[in-house]
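What's in my_file.tsv: TSV, C-alpha atoms and all ligand atoms
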```
chain	number	residue	atom	x	y	z
S	1	MET	CA	0.00	0.00	0.00
S	2	ASN	CA	1.23	3.50	-0.89
S	3	ASN	CA	0.45	6.47	1.29
S	4	ALA	CA	0.07	10.16	0.47
S	5	LYS	CA	-0.97	13.04	2.66
S	6	LEU	CA	-2.39	14.73	-0.42
S	7	ALA	CA	-3.17	13.13	-3.78
S	8	ILE	CA	-3.87	15.35	-6.78
S	9	ILE	CA	-5.59	13.87	-9.82
S	10	GLY	CA	-4.93	15.70	-13.10
S	11	SER	CA	-2.05	17.63	-14.62
S	12	GLY	CA	-3.52	20.71	-16.27
S	13	PRO	CA	-2.94	24.20	-14.87
S	14	ALA	CA	-5.21	23.44	-11.87
S	15	GLY	CA	-3.50	20.20	-10.82
S	16	LEU	CA	0.04	21.45	-11.35
S	17	THR	CA	-0.60	24.73	-9.53
S	18	ALA	CA	-2.12	22.79	-6.64
S	19	ALA	CA	1.01	20.59	-6.64
S	20	ILE	CA	3.33	23.63	-6.55
S	21	TYR	CA	1.50	25.16	-3.60
S	22	ALA	CA	1.10	21.87	-1.74
S	23	ALA	CA	4.76	20.95	-2.21
S	24	ARG	CA	5.83	24.33	-0.87
S	25	ALA	CA	3.58	23.68	2.14
S	26	ASN	CA	5.56	20.46	2.83
S	27	LEU	CA	2.59	18.23	2.03
S	28	SER	CA	4.70	16.02	-0.33
S	29	PRO	CA	1.85	15.82	-2.83
S	30	VAL	CA	1.54	12.88	-5.20
S	31	LEU	CA	0.10	13.97	-8.53
S	32	PHE	CA	-1.41	11.48	-10.98
S	33	GLU	CA	-0.86	13.21	-14.28
S	34	GLY	CA	-2.96	10.82	-16.34
S	35	PHE	CA	-2.08	8.68	-19.30
S	36	MET	CA	-5.01	7.96	-21.62
S	37	SER	CA	-8.18	8.93	-19.85
S	38	GLY	CA	-9.24	12.54	-20.41
S	39	GLY	CA	-6.50	13.23	-22.98
S	40	MET	CA	-2.77	13.63	-22.74
S	41	PRO	CA	-1.01	14.71	-19.54
S	42	GLY	CA	-0.90	18.48	-19.37
S	43	GLY	CA	-4.57	19.04	-20.12
S	44	GLN	CA	-6.13	20.98	-22.93
S	45	LEU	CA	-3.29	23.48	-23.29
S	46	ILE	CA	-1.19	20.64	-24.70
S	47	THR	CA	-3.35	20.86	-27.83
S	48	THR	CA	-3.30	24.66	-27.97
S	49	GLY	CA	-0.84	26.65	-30.06
S	50	LEU	CA	0.11	30.10	-28.89
S	51	VAL	CA	-1.46	31.04	-25.55
S	52	GLU	CA	-1.83	34.80	-25.62
S	53	ASN	CA	-3.85	35.40	-22.48
S	54	PHE	CA	-1.79	33.77	-19.72
S	55	PRO	CA	-0.29	36.66	-17.72
S	56	GLY	CA	3.48	37.01	-17.71
S	57	PHE	CA	4.14	36.24	-21.35
S	58	PRO	CA	3.78	39.45	-23.36
S	59	GLU	CA	4.59	37.67	-26.62
S	60	GLY	CA	2.38	34.67	-25.76
S	61	ILE	CA	3.71	31.19	-24.99
S	62	ASP	CA	3.27	27.84	-26.72
S	63	GLY	CA	0.70	25.72	-24.81
S	64	GLN	CA	2.97	22.68	-24.59
S	65	GLN	CA	5.84	24.83	-23.36
S	66	LEU	CA	3.65	26.45	-20.71
S	67	MET	CA	2.61	23.05	-19.39
S	68	ALA	CA	6.18	21.71	-19.53
S	69	ASN	CA	7.23	24.73	-17.44
S	70	MET	CA	4.47	24.13	-14.87
S	71	ARG	CA	5.37	20.44	-14.67
S	72	GLU	CA	9.05	21.20	-14.13
S	73	GLN	CA	8.16	23.77	-11.49
S	74	ALA	CA	5.94	21.27	-9.61
S	75	GLU	CA	8.71	18.66	-9.60
S	76	ARG	CA	11.34	21.19	-8.57
S	77	CYS	CA	9.12	22.24	-5.64
S	78	GLY	CA	8.98	18.60	-4.50
S	79	ALA	CA	5.81	17.08	-5.97
S	80	THR	CA	5.93	13.44	-7.08
S	81	LEU	CA	4.39	12.97	-10.53
S	82	ILE	CA	3.03	9.59	-11.62
S	83	THR	CA	2.12	9.07	-15.28
S	84	GLU	CA	-0.99	6.97	-14.67
S	85	ASP	CA	-4.73	7.49	-14.61
S	86	ILE	CA	-6.77	7.00	-11.48
S	87	ASP	CA	-9.34	4.41	-12.50
S	88	THR	CA	-11.38	4.14	-9.30
S	89	VAL	CA	-11.70	5.94	-5.98
S	90	ASP	CA	-13.27	5.04	-2.66
S	91	PHE	CA	-14.30	8.13	-0.72
S	92	SER	CA	-16.60	6.24	1.67
S	93	GLN	CA	-13.95	6.00	4.40
S	94	LYS	CA	-10.73	7.70	5.50
S	95	PRO	CA	-8.02	7.49	4.44
S	96	PHE	CA	-9.46	7.63	0.93
S	97	THR	CA	-8.24	5.00	-1.53
S	98	LEU	CA	-7.32	5.55	-5.16
S	99	THR	CA	-6.51	2.77	-7.64
S	100	SER	CA	-4.28	3.68	-10.54
S	101	SER	CA	-4.33	2.28	-14.07
S	102	GLY	CA	-1.12	0.42	-13.18
S	103	GLY	CA	-3.04	-1.44	-10.45
S	104	ASP	CA	-1.41	0.39	-7.52
S	105	VAL	CA	-3.60	1.27	-4.57
S	106	TRP	CA	-2.94	4.54	-2.79
S	107	ASN	CA	-4.16	5.79	0.58
S	108	ALA	CA	-4.64	9.55	0.72
S	109	ASP	CA	-5.67	11.76	3.63
S	110	ALA	CA	-6.94	14.46	1.28
S	111	VAL	CA	-7.60	14.58	-2.46
S	112	ILE	CA	-7.76	17.34	-5.06
S	113	ILE	CA	-9.64	16.44	-8.24
S	114	ALA	CA	-8.38	18.43	-11.24
S	115	THR	CA	-9.21	16.14	-14.13
S	116	GLY	CA	-10.50	18.84	-16.49
S	117	ALA	CA	-12.90	18.30	-19.35
S	118	THR	CA	-12.76	16.46	-22.70
S	119	ALA	CA	-13.74	17.65	-26.15
S	120	ARG	CA	-17.27	16.62	-27.22
S	121	ARG	CA	-17.88	14.62	-30.41
S	122	LEU	CA	-20.96	14.19	-32.57
S	123	PRO	CA	-22.73	10.89	-31.83
S	124	LEU	CA	-22.90	9.62	-35.43
S	125	ASP	CA	-21.67	6.24	-36.72
S	126	SER	CA	-20.12	8.01	-39.71
S	127	GLU	CA	-18.20	10.24	-37.27
S	128	LYS	CA	-16.64	7.15	-35.70
S	129	LYS	CA	-15.90	5.71	-39.14
S	130	PHE	CA	-13.94	8.76	-40.30
S	131	TRP	CA	-12.36	9.65	-36.95
S	132	GLY	CA	-8.63	9.93	-37.71
S	133	ARG	CA	-9.45	9.64	-41.43
S	134	GLY	CA	-10.26	13.28	-41.91
S	135	ILE	CA	-12.07	14.06	-38.64
S	136	SER	CA	-10.22	15.47	-35.64
S	137	ALA	CA	-10.99	17.52	-32.55
S	138	CYS	CA	-7.68	19.36	-32.61
S	139	ALA	CA	-6.62	21.65	-35.44
S	140	VAL	CA	-3.40	22.54	-33.68
S	141	CYS	CA	-2.42	18.86	-33.40
S	142	ASP	CA	-3.54	17.69	-36.85
S	143	GLY	CA	-4.15	20.72	-39.06
S	144	GLY	CA	-0.66	20.66	-40.58
S	145	LEU	CA	-0.95	17.06	-41.83
S	146	PRO	CA	-0.35	16.63	-45.59
S	147	ILE	CA	-3.93	15.37	-46.16
S	148	PHE	CA	-5.25	18.79	-45.16
S	149	ARG	CA	-2.80	20.97	-47.11
S	150	ASN	CA	-4.44	23.30	-49.64
S	151	LYS	CA	-7.76	21.46	-49.22
S	152	GLU	CA	-11.19	22.72	-48.25
S	153	LEU	CA	-11.68	22.13	-44.52
S	154	ALA	CA	-14.54	22.54	-42.05
S	155	VAL	CA	-14.83	23.45	-38.38
S	156	LEU	CA	-17.98	22.74	-36.35
S	157	GLY	CA	-19.10	25.07	-33.57
S	158	GLY	CA	-19.66	28.71	-32.77
S	159	GLY	CA	-17.54	29.26	-29.64
S	160	ASP	CA	-14.05	30.67	-29.15
S	161	SER	CA	-12.48	27.26	-29.80
S	162	ALA	CA	-14.21	26.88	-33.17
S	163	ILE	CA	-13.00	30.27	-34.36
S	164	GLU	CA	-9.52	29.69	-32.98
S	165	GLU	CA	-9.39	26.35	-34.85
S	166	ALA	CA	-10.72	27.91	-38.05
S	167	ASP	CA	-8.19	30.72	-37.85
S	168	HIS	CA	-5.37	28.22	-37.31
S	169	LEU	CA	-6.51	26.09	-40.25
S	170	THR	CA	-6.34	29.05	-42.65
S	171	HIS	CA	-2.55	28.49	-42.59
S	172	PHE	CA	-3.05	25.08	-44.22
S	173	GLY	CA	-6.39	24.81	-46.03
S	174	SER	CA	-7.54	26.65	-49.16
S	175	VAL	CA	-10.92	27.52	-47.59
S	176	VAL	CA	-12.18	26.94	-44.05
S	177	HIS	CA	-15.94	26.43	-43.71
S	178	LEU	CA	-17.13	27.37	-40.23
S	179	ILE	CA	-20.39	25.54	-39.59
S	180	HIS	CA	-22.62	26.68	-36.78
S	181	ARG	CA	-26.07	25.48	-35.73
S	182	ARG	CA	-27.43	28.96	-34.96
S	183	ASP	CA	-27.34	32.40	-36.58
S	184	SER	CA	-25.00	34.04	-34.06
S	185	PHE	CA	-21.72	33.07	-32.45
S	186	ARG	CA	-21.21	32.29	-28.79
S	187	ALA	CA	-17.55	33.34	-29.16
S	188	SER	CA	-16.12	36.61	-27.82
S	189	LYS	CA	-16.52	39.70	-30.02
S	190	ILE	CA	-12.84	39.87	-30.93
S	191	MET	CA	-12.88	36.26	-32.14
S	192	GLN	CA	-16.13	36.80	-34.06
S	193	LYS	CA	-14.51	39.71	-35.88
S	194	ARG	CA	-11.52	37.55	-36.71
S	195	ALA	CA	-13.74	34.90	-38.31
S	196	LEU	CA	-16.09	37.23	-40.13
S	197	GLU	CA	-13.30	39.34	-41.63
S	198	HIS	CA	-10.96	36.51	-42.59
S	199	PRO	CA	-10.88	36.07	-46.39
S	200	LYS	CA	-10.37	32.29	-46.12
S	201	ILE	CA	-13.14	31.60	-43.56
S	202	LYS	CA	-16.66	31.06	-44.89
S	203	VAL	CA	-19.39	30.98	-42.24
S	204	HIS	CA	-22.41	28.68	-42.71
S	205	TRP	CA	-25.17	29.72	-40.32
S	206	ASN	CA	-27.99	27.45	-39.10
S	207	LYS	CA	-26.40	24.21	-40.25
S	208	ILE	CA	-25.89	20.88	-38.51
S	209	VAL	CA	-24.05	17.80	-39.74
S	210	GLU	CA	-26.44	14.98	-40.64
S	211	GLU	CA	-23.76	12.64	-41.95
S	212	PHE	CA	-20.04	12.49	-42.62
S	213	LEU	CA	-19.44	11.31	-46.22
S	214	GLY	CA	-16.63	9.42	-47.96
S	215	ASP	CA	-15.17	6.01	-48.86
S	216	GLU	CA	-11.85	5.35	-47.13
S	217	ASN	CA	-11.37	8.94	-46.01
S	218	LEU	CA	-13.71	11.81	-45.28
S	219	SER	CA	-14.68	13.67	-48.45
S	220	GLY	CA	-17.72	15.70	-47.45
S	221	LEU	CA	-20.46	16.68	-45.03
S	222	ARG	CA	-24.20	16.26	-45.42
S	223	LEU	CA	-25.66	19.38	-43.84
S	224	LYS	CA	-29.17	20.17	-42.70
S	225	ASP	CA	-30.44	23.72	-42.47
S	226	THR	CA	-31.96	24.11	-38.99
S	227	VAL	CA	-34.45	26.72	-40.25
S	228	THR	CA	-35.61	25.40	-43.63
S	229	GLY	CA	-34.75	21.71	-43.20
S	230	ALA	CA	-32.96	21.77	-46.57
S	231	ILE	CA	-30.24	19.16	-47.06
S	232	SER	CA	-27.00	19.96	-48.90
S	233	ASP	CA	-23.63	18.26	-49.40
S	234	LEU	CA	-20.40	20.16	-48.84
S	235	PRO	CA	-17.22	18.59	-50.26
S	236	ILE	CA	-14.32	18.94	-47.78
S	237	SER	CA	-11.20	16.92	-46.93
S	238	GLY	CA	-11.04	17.57	-43.21
S	239	CYS	CA	-13.46	18.35	-40.39
S	240	PHE	CA	-12.53	19.63	-36.95
S	241	GLU	CA	-15.08	19.37	-34.15
S	242	ALA	CA	-15.03	22.26	-31.66
S	243	ILE	CA	-18.41	21.79	-29.98
S	244	GLY	CA	-17.53	22.11	-26.33
S	245	HIS	CA	-16.42	19.85	-23.53
S	246	THR	CA	-17.58	17.23	-21.03
S	247	PRO	CA	-16.10	17.21	-17.51
S	248	ASN	CA	-13.96	14.14	-16.69
S	249	VAL	CA	-15.83	12.67	-13.72
S	250	GLY	CA	-16.58	9.07	-14.79
S	251	PHE	CA	-13.97	7.53	-12.47
S	252	LEU	CA	-15.75	9.08	-9.46
S	253	ASN	CA	-18.63	6.67	-10.00
S	254	GLY	CA	-21.21	8.95	-8.42
S	255	GLN	CA	-19.29	9.50	-5.18
S	256	ILE	CA	-19.05	13.28	-5.61
S	257	ALA	CA	-22.06	15.55	-6.11
S	258	LEU	CA	-22.30	17.11	-9.58
S	259	ASP	CA	-24.27	20.08	-10.86
S	260	GLU	CA	-26.96	19.91	-13.55
S	261	LEU	CA	-24.31	20.19	-16.32
S	262	GLY	CA	-22.27	17.30	-14.88
S	263	TYR	CA	-19.50	19.45	-13.38
S	264	ILE	CA	-18.34	18.87	-9.78
S	265	LYS	CA	-20.32	20.96	-7.37
S	266	THR	CA	-18.15	22.97	-4.98
S	267	LEU	CA	-19.32	24.90	-1.95
S	268	SER	CA	-19.82	28.58	-2.69
S	269	GLY	CA	-16.54	30.50	-2.50
S	270	SER	CA	-14.57	27.31	-1.90
S	271	THR	CA	-13.07	24.29	-3.66
S	272	ALA	CA	-14.58	21.88	-1.12
S	273	THR	CA	-16.87	19.17	-2.51
S	274	ASN	CA	-19.65	17.38	-0.67
S	275	VAL	CA	-17.06	14.89	0.69
S	276	ASP	CA	-15.07	16.27	3.61
S	277	GLY	CA	-11.38	16.24	2.58
S	278	VAL	CA	-11.99	16.07	-1.18
S	279	PHE	CA	-11.49	19.28	-3.15
S	280	ALA	CA	-12.00	20.10	-6.84
S	281	ALA	CA	-10.20	22.63	-9.03
S	282	GLY	CA	-10.08	23.71	-12.66
S	283	ASP	CA	-12.40	22.88	-15.54
S	284	VAL	CA	-13.87	19.79	-13.86
S	285	GLN	CA	-15.77	22.18	-11.56
S	286	ASP	CA	-15.97	25.24	-13.79
S	287	ALA	CA	-18.51	25.41	-16.60
S	288	LYS	CA	-18.34	29.19	-16.61
S	289	TYR	CA	-14.81	30.58	-17.06
S	290	ARG	CA	-12.77	27.56	-18.25
S	291	GLN	CA	-9.57	29.53	-18.64
S	292	ALA	CA	-6.03	28.34	-17.92
S	293	VAL	CA	-5.45	31.22	-15.55
S	294	SER	CA	-8.69	30.67	-13.62
S	295	ALA	CA	-7.92	26.93	-13.46
S	296	ALA	CA	-4.48	27.73	-12.04
S	297	GLY	CA	-6.08	30.10	-9.53
S	298	SER	CA	-8.54	27.47	-8.33
S	299	GLY	CA	-5.67	24.95	-8.07
S	300	CYS	CA	-4.00	27.38	-5.68
S	301	HIS	CA	-7.22	27.72	-3.68
S	302	ALA	CA	-7.62	23.93	-3.48
S	303	ALA	CA	-4.05	23.44	-2.20
S	304	LEU	CA	-4.47	26.13	0.45
S	305	GLU	CA	-7.80	24.68	1.55
S	306	ALA	CA	-6.42	21.13	1.62
S	307	GLU	CA	-3.47	22.35	3.69
S	308	ARG	CA	-5.79	24.02	6.20
S	309	TRP	CA	-8.09	21.02	6.26
S	310	LEU	CA	-5.19	18.62	6.85
S	311	GLY	CA	-4.01	20.89	9.65
S	312	GLY	CA	-7.43	20.62	11.26
S	313	LEU	CA	-8.10	24.30	10.73
S	314	ILE	CA	-11.24	24.03	8.60
S	315	HIS	CA	-13.92	21.51	8.02
S	316	ALA	CA	-15.84	21.58	4.78
S	401	LIG	P1	-18.34	26.51	-26.00
S	401	LIG	O1	-19.16	25.67	-25.11
S	401	LIG	O2	-18.17	27.96	-25.68
S	401	LIG	O3	-18.91	26.45	-27.47
S	401	LIG	C1	-19.33	25.25	-28.04
S	401	LIG	C2	-19.96	25.55	-29.39
S	401	LIG	O4	-20.33	24.30	-30.00
S	401	LIG	C3	-21.23	26.39	-29.28
S	401	LIG	O5	-21.24	27.36	-30.29
S	401	LIG	C4	-22.34	25.36	-29.44
S	401	LIG	O6	-23.47	25.89	-30.09
S	401	LIG	C5	-21.70	24.34	-30.35
S	401	LIG	N1	-22.24	22.99	-30.12
S	401	LIG	C6	-22.34	22.31	-28.96
S	401	LIG	N2	-22.87	21.09	-29.15
S	401	LIG	C7	-23.13	21.01	-30.47
S	401	LIG	C8	-23.68	20.00	-31.29
S	401	LIG	N3	-24.07	18.84	-30.79
S	401	LIG	N4	-23.80	20.24	-32.62
S	401	LIG	C9	-23.38	21.43	-33.13
S	401	LIG	N5	-22.84	22.42	-32.42
S	401	LIG	C10	-22.72	22.21	-31.10
S	401	LIG	O7	-16.94	25.77	-26.09
S	401	LIG	P2	-15.51	26.30	-26.53
S	401	LIG	O8	-14.66	25.09	-26.49
S	401	LIG	O9	-15.56	27.07	-27.77
S	401	LIG	O10	-15.08	27.29	-25.37
S	401	LIG	C11	-15.05	26.85	-24.02
S	401	LIG	C12	-14.52	27.97	-23.13
S	401	LIG	O11	-13.15	28.22	-23.42
S	401	LIG	C13	-15.25	29.28	-23.36
S	401	LIG	O12	-15.40	29.93	-22.12
S	401	LIG	C14	-14.32	30.06	-24.25
S	401	LIG	O13	-14.46	31.46	-24.10
S	401	LIG	C15	-12.96	29.57	-23.77
S	401	LIG	N6	-11.94	29.67	-24.84
S	401	LIG	C16	-11.16	30.78	-24.87
S	401	LIG	C17	-10.20	30.95	-25.84
S	401	LIG	C18	-9.37	32.18	-25.83
S	401	LIG	O14	-9.58	33.03	-24.98
S	401	LIG	N7	-8.42	32.31	-26.72
S	401	LIG	C19	-9.99	29.92	-26.88
S	401	LIG	C20	-10.87	28.80	-26.77
S	401	LIG	C21	-11.81	28.70	-25.78
S	401	LIG	P3	-24.43	26.94	-29.35
S	401	LIG	O15	-23.69	28.25	-29.39
S	401	LIG	O16	-25.66	26.93	-30.19
S	401	LIG	O17	-24.65	26.42	-27.97
```
For the structure just supplied, provide its representation as structure tokens.
Amino acid sequence: MNNAKLAIIGSGPAGLTAAIYAARANLSPVLFEGFMSGGMPGGQLITTGLVENFPGFPEGIDGQQLMANMREQAERCGATLITEDIDTVDFSQKPFTLTSSGGDVWNADAVIIATGATARRLPLDSEKKFWGRGISACAVCDGGLPIFRNKELAVLGGGDSAIEEADHLTHFGSVVHLIHRRDSFRASKIMQKRALEHPKIKVHWNKIVEEFLGDENLSGLRLKDTVTGAISDLPISGCFEAIGHTPNVGFLNGQIALDELGYIKTLSGSTATNVDGVFAAGDVQDAKYRQAVSAAGSGCHAALEAERWLGGLIHA
């Protein structure tokens, strides 16, 4: 049996910031940085290009570099990082137990959950068929592949991610079709302007994908107009889904209370969950802001609250 005063699950900005603070508080945190479940270690910034809104980097910083820096900082401060998922937890008794994907069982006095959220995908059989054969959820990871060069490409969604992906793909594709199910964007005004004024981005309002088309590889989209019901086919060679995220809470198996959107419910003004000694930070408990910097901030809060809780100073 392995023992930890504080276990942190997740290695995005929330988990790594929690690890930095907890290590500096002499809690010797053990951080499970994940392996397969919920995406690559490092969280969603690993699949982001230039991050322009994280304070301290006036020229912006590459997402992978930012996460590599945070990881190095957490280790240098004294956190132990384990490259495994946590598959199951038992929060019914103390110490809590966590079982990793490698089969190791850990006892932990306190736990911070910072497992983030995963990109949503359309629930169509044809989506599964062409996944990796022209469909992706990450333009920054896959957009530069030869199959997409100088081809017509599509992005699905109307949020900041969709526009960011479309903008990125203009470096590779001949035209980028931005397909949105409504007649106005959810994205911030500055991003909307970027999409609407870009000569290579063509916006298709009120359209949803009925079917992904092709033989071996994706070659088109069958679209339905949400207002008129009209069906049309759009020939494209690549499609990037940017339709939001689902919080990574499956491994909790119902042991932590969630809100109506499926995010972990924390007490108002706190990172405490409904289980005394279990805290949550970052996108897994934040459907509203979902920013790297706010995730890092809540990771700091969770570490400070876990430290106080372990010291017997507060009870959630
Ligand atoms: P959002 O939830 O903001 O947007 C998801 C988009 O996908 C919406 O336009 C939604 O449509 C659409 N959508 C959802 N489900 C479906 C479906 N089944 N079929 C078709 N369309 C669908 O997610 P994002 O990932 O864009 O952004 C998440 C957060 O991250 C936001 O707070 C955003 O501001 C932030 N962000 C910030 C960036 C930056 O500052 N540079 C970059 C990227 C993200 P509808 O609008 O109709 O609901």
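The smallest atom-to-atom distance between S:Leu267 and any of S:Ala302, S:Gly10, S:Ile208, S:Gly311, using all atoms listed in the file, is found for S:Ala302.
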Practice task
Find the residues around S:Asn53 up to 10 Å (all atoms listed in the file counted), leave out those fewer than 5 positions away in its own chain, and share them as a PyMOL selection string.
Solution key: chain S and resi 58-61+291-293
Exercise for the section: All residues within 10 Å of ligand LIG 401 (chain S) are required, counting only C-alpha atoms and all ligand atoms; please report them as a ChimeraX atom specification. Expected result: /S:44-45,48,50-54,117-123,156-165,179-188,190-191,206-210,241-246,283,286-292
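For S:Asn150, the non-local neighbours within 9 Å, defined as residues at least 3 positions apart in the same chain or in other chains and counting only C-alpha atoms, are Pro146, Ile147, Leu153, His171, Phe172, Gly173, Ser174 and Val175 of chain S.
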How big is the axis-aligned box around all listed atoms of stretch 35-42 of chain S once 3 Å goes on each side, and where's its centre, in Å to one decimal, as lines of an AutoDock Vina configuration file?
```
center_x = -5.1
center_y = 13.2
center_z = -21.1
size_x = 14.3
size_y = 16.5
size_z = 9.7
```
Practice task
Determine, counting all atoms listed in the file, which protein, DNA and RNA residues have an atom within 10 Å of an atom of S:Gly102; residues of the same chain fewer than 3 positions away are not included. Present the result as an MDAnalysis selection string.
Solution key: chainID S and resid 83:87 99 105
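Using all atoms listed in the file, the smallest distance between any of S:Ala154, S:Gly254, S:Gln285, S:Pro95 and S:Leu223 comes from S:Ala154.
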Handout entry: Spatial neighbours of S:Gly132, max dist 10 Å, only C-alpha atoms, sep filter under 5 positions, as a PyMOL selection string
Key = chain S and resi 127+137+142+217-218+238
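With only C-alpha atoms as the atoms that count, the residue of S:Leu310, S:Ala114, S:Ala166, S:Ala303 with the shortest distance to S:Tyr263 is S:Ala114.
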